[in-house]
Amino acid sequence: NAGVTQTPKFQVLKTGQSMTLQCAQDMNHNSMYWYRQDPGMGLRLIYYSASEGTTDKGEVPNGYNVSRLNKREFSLRLESAAPSQTSVYFCASSDGYSRLTETQYFGPGTRLLVL
Amino acid sequence: DAKTTQPTSMDCAEGRAANLPCNHSTISGNEYVYWYRQIHSQGPQYIIHGLKNNETNEMASLIITEDRKSSTLILPHATLRDTAVYYCIVFLIQGAQKLVFGQGTRLTINP
C-alpha cells in the first residue's frame, strides 16, 4: 500500500494563477483532510470530507475549493493564488467510522511557492 | 485554538528515556489524548493515543494522570531519528474529527 500520495511535490506559481493539488489514498478510508503548514507553525485544517460526497470548511478555507472526486481522491484547488498561500500542504485520511480509534495518516506534502 | 500546553523545546541524550509533558486542564470526559510527531517537514506521524488508562505500543508509552489534566509521552530509548516536533492533541472521536495542532515540542536527541 502506498498510503496517502500527493502530487505535485513542489510547485511555483505566479500571483493570480490557478492550480489543483491532488491527493489519493489506497486504505479505503472514508474521511479525508487538507491542511496547510506555514514556517514554524502547526498544521491548520483547510477543508475536510467526512465521507464521499460531502465536504466541510475547516479553520482557514478562504481562497480554496475542494472536490471529493470519489472515495480515493480529494483535490484542493487554488483559483487565484496569492503570496499568502505560500505554504506546505498536507493531505490526510482516516477511517472515519471507528468508535475506538481515529488515526489520521498523512501524505508527504506539497510545497507551494507563490511569487 | 489548541487545548493543550507543551514546552517549546526539549533535549535528551541518545539512549535515554525522553519524557514529553502535556497539559490539557480543560479536557472533557470523552476526549482522547493523541500524540503525533513530525520529522523535518515530513507529514505528521501518529504515535499513540489514550482516554484514561496508560497505553504502550512499539513506539512509546502514554501516561495520563488520574484527573486527566495532563499526560506524558515517553520514548523509552531515544535515538537520533526521534528528533522531531511532537504534538499533543485532545479531541472527540466522532466522524471526521478536526485535529488542532498547536506549536508542539521540538525534541532534539543529542549523541
# chains A, B, ... in the order shown; residues from 1 in each chain; ligands from 1
$ closest_atom_pairs --of "chain A" --to "chain B" --cutoff "7 Å" --atoms "only C-alpha atoms" --output "CSV"
residue,atom,partner,partner_atom,distance
A:Ser31,CA,B:Ala96,CA,6.0
A:Met41,CA,B:Gln103,CA,6.0
A:Gly42,CA,B:Gln103,CA,5.2
A:Leu43,CA,B:Phe101,CA,5.5
A:Arg44,CA,B:Phe101,CA,6.9
A:Ala50,CA,B:Ala96,CA,4.9
A:Phe90,CA,B:Gly43,CA,6.7
A:Gly96,CA,B:Gly95,CA,5.0
A:Tyr97,CA,B:Gly95,CA,5.9
A:Arg99,CA,B:Ile93,CA,6.7
A:Glu102,CA,B:Ile93,CA,6.4
A:Thr103,CA,B:Tyr46,CA,6.7
A:Tyr105,CA,B:Gln45,CA,6.9
A:Phe106,CA,B:Gly43,CA,5.2
A:Gly107,CA,B:Gly43,CA,5.7
A:Pro108,CA,B:Gly43,CA,5.0
A:Gly109,CA,B:Gly43,CA,6.3
$ write_last_selection --atoms "C-alpha atoms" --output "PDB file, in the first residue's frame"
ATOM      1  CA  SER A  31     -12.574  10.694   5.663  1.00  0.00           C
ATOM      2  CA  MET A  41       3.720  26.805  12.759  1.00  0.00           C
ATOM      3  CA  GLY A  42       1.480  23.875  13.464  1.00  0.00           C
ATOM      4  CA  LEU A  43      -0.912  22.488  10.871  1.00  0.00           C
ATOM      5  CA  ARG A  44      -4.210  24.233  10.190  1.00  0.00           C
ATOM      6  CA  ALA A  50     -16.196  13.133   6.250  1.00  0.00           C
ATOM      7  CA  PHE A  90      -0.647  18.106   3.641  1.00  0.00           C
ATOM      8  CA  GLY A  96     -13.992   7.854   9.799  1.00  0.00           C
ATOM      9  CA  TYR A  97     -16.229   5.272  11.428  1.00  0.00           C
ATOM     10  CA  ARG A  99     -15.549   4.381  17.631  1.00  0.00           C
ATOM     11  CA  GLU A 102      -9.351   7.638  14.697  1.00  0.00           C
ATOM     12  CA  THR A 103      -5.824   7.884  13.453  1.00  0.00           C
ATOM     13  CA  TYR A 105      -2.477   9.184   8.036  1.00  0.00           C
ATOM     14  CA  PHE A 106      -0.638  11.973   6.279  1.00  0.00           C
ATOM     15  CA  GLY A 107       0.878  12.329   2.839  1.00  0.00           C
ATOM     16  CA  PRO A 108       4.388  13.676   2.196  1.00  0.00           C
ATOM     17  CA  GLY A 109       3.194  17.210   1.446  1.00  0.00           C
TER      18      GLY A 109
END
$ select_by_dssp --residues "chain B" --states "strand (DSSP E or B)" --output "MDAnalysis selection string"
chainID B and resid 5 9:13 18:23 31:38 45:50 55:56 61:64 70:75 84:92 105:110
$ residues_around --residues "Met32 (chain A)" --least-positions-apart "3" --cutoff "6 Å" --atoms "only C-alpha atoms" --output "count of residues only"
4
$ residues_around --residues "Gln6 (chain B)" --least-positions-apart "3" --cutoff "8 Å" --atoms "only C-alpha atoms" --output "PyMOL selection string"
chain B and resi 21-23+88+103-105
$ write_last_selection --atoms "all heavy atoms" --output "CSV table (one decimal), in the first residue's frame"
chain,number,residue,atom,x,y,z
B,21,PRO,N,6.0,16.3,28.4
B,21,PRO,CA,4.8,16.6,29.1
B,21,PRO,C,3.8,17.4,28.3
B,21,PRO,O,4.2,18.0,27.3
B,21,PRO,CB,5.3,17.5,30.3
B,21,PRO,CG,6.5,18.2,29.6
B,21,PRO,CD,7.1,17.3,28.7
B,22,CYS,N,2.5,17.3,28.7
B,22,CYS,CA,1.5,18.0,28.0
B,22,CYS,C,0.4,18.3,29.0
B,22,CYS,O,0.0,17.4,29.8
B,22,CYS,CB,0.9,17.2,26.9
B,22,CYS,SG,-0.5,18.0,26.0
B,23,ASN,N,0.0,19.6,29.1
B,23,ASN,CA,-1.1,19.9,30.0
B,23,ASN,C,-2.4,20.1,29.2
B,23,ASN,O,-2.4,20.8,28.1
B,23,ASN,CB,-0.8,21.3,30.7
B,23,ASN,CG,0.2,21.0,31.8
B,23,ASN,OD1,0.2,20.0,32.5
B,23,ASN,ND2,1.2,22.0,31.9
B,88,CYS,N,0.8,17.2,21.0
B,88,CYS,CA,-0.2,16.6,21.9
B,88,CYS,C,-1.5,17.2,21.5
B,88,CYS,O,-1.6,18.4,21.5
B,88,CYS,CB,0.2,16.9,23.3
B,88,CYS,SG,-1.0,16.5,24.6
B,103,GLN,N,1.7,24.4,18.7
B,103,GLN,CA,3.1,24.6,18.3
B,103,GLN,C,3.9,23.3,18.5
B,103,GLN,O,5.0,23.1,17.9
B,103,GLN,CB,3.7,25.7,19.1
B,103,GLN,CG,3.0,27.1,18.9
B,103,GLN,CD,3.3,27.6,17.5
B,103,GLN,OE1,4.2,27.2,16.8
B,103,GLN,NE2,2.6,28.7,17.1
B,104,GLY,N,3.5,22.5,19.4
B,104,GLY,CA,4.3,21.3,19.7
B,104,GLY,C,5.6,21.5,20.5
B,104,GLY,O,5.9,22.6,20.8
B,105,THR,N,6.2,20.4,20.8
B,105,THR,CA,7.6,20.4,21.4
B,105,THR,C,8.6,20.0,20.4
B,105,THR,O,8.5,18.9,19.9
B,105,THR,CB,7.6,19.5,22.7
B,105,THR,OG1,6.7,20.0,23.6
B,105,THR,CG2,9.0,19.5,23.3
$ residues_around --residues "region 67-70 of chain A" --least-positions-apart "2" --cutoff "9 Å" --atoms "only C-alpha atoms" --output "compact mmCIF listing (two decimals) with C-alpha atoms, in the first residue's frame"
# COMPACT_ATOMS: atom_id res chain seq x y z
CA MET A 32 -10.00 12.92 4.02
CA SER A 49 -14.54 15.42 3.74
CA SER A 51 -17.32 10.75 3.53
CA GLU A 52 -17.63 10.52 -0.23
CA GLY A 53 -19.90 13.26 -1.48
CA THR A 54 -19.52 15.61 1.48
CA THR A 55 -17.11 18.44 2.19
CA ASN A 65 -12.07 24.93 -3.02
CA ARG A 72 -9.94 7.57 -3.01
CA GLU A 73 -9.33 11.12 -4.20
CA PHE A 74 -9.64 14.56 -2.62
CA SER A 75 -8.35 17.57 -4.52
CA LEU A 76 -7.61 21.11 -3.35
CA ARG A 77 -7.91 24.00 -5.82
$ residues_around --residues "Ile27 (chain B)" --least-positions-apart "5" --cutoff "12 Å" --atoms "only C-alpha atoms" --output "PDB file with C-alpha atoms, in the first residue's frame"
ATOM      1  CA  ALA B   2      -5.249  24.201  20.678  1.00  0.00           C
ATOM      2  CA  LYS B   3      -6.453  22.951  24.048  1.00  0.00           C
ATOM      3  CA  THR B   4      -3.027  21.783  25.134  1.00  0.00           C
ATOM      4  CA  THR B   5       0.143  23.350  26.507  1.00  0.00           C
ATOM      5  CA  CYS B  22       1.465  17.986  28.013  1.00  0.00           C
ATOM      6  CA  TYR B  32      -8.977  11.424  23.841  1.00  0.00           C
ATOM      7  CA  VAL B  33      -5.328  12.426  24.100  1.00  0.00           C
ATOM      8  CA  LEU B  51      -8.524   8.038  27.105  1.00  0.00           C
ATOM      9  CA  LYS B  52      -7.984   7.214  30.774  1.00  0.00           C
ATOM     10  CA  ILE B  64      -2.316  10.039  31.716  1.00  0.00           C
ATOM     11  CA  THR B  65      -2.834  11.441  35.205  1.00  0.00           C
ATOM     12  CA  ASP B  67      -7.582  13.643  36.817  1.00  0.00           C
ATOM     13  CA  ARG B  68      -6.718  13.565  33.068  1.00  0.00           C
ATOM     14  CA  LYS B  69      -5.471  17.139  33.183  1.00  0.00           C
ATOM     15  CA  SER B  70      -2.023  16.215  31.978  1.00  0.00           C
ATOM     16  CA  SER B  71      -0.129  13.446  30.264  1.00  0.00           C
ATOM     17  CA  ILE B  89      -3.814  16.892  20.781  1.00  0.00           C
ATOM     18  CA  VAL B  90      -7.128  16.364  22.549  1.00  0.00           C
ATOM     19  CA  PHE B  91     -10.392  15.892  20.683  1.00  0.00           C
ATOM     20  CA  LEU B  92     -13.569  13.891  20.392  1.00  0.00           C
TER      21      LEU B  92
END
$ closest_residue --among "A:Lys14, A:Lys9, A:Arg111, A:Arg36" --to "Pro83 (chain A)" --atoms "only C-alpha atoms"
A:Lys14
$ closest_residue --among "A:Ser94, A:Ser80, A:Thr110, A:Gln104" --to "Asn28 (chain A)" --atoms "only C-alpha atoms"
A:Ser94
$ residues_around --residues "region 58-63 of chain B" --least-positions-apart "2" --cutoff "6 Å" --atoms "only C-alpha atoms" --output "PyMOL selection string"
chain B and resi 54-56+71-75
$ closest_residue --among "B:Tyr86, B:Leu80, B:Asn30, B:Gly15" --to "Ile109 (chain B)" --atoms "only C-alpha atoms"
B:Leu80
$ atom_distance --atom1 "CA of Ser84 (chain A)" --atom2 "CA of Leu112 (chain A)"
10.5 Å
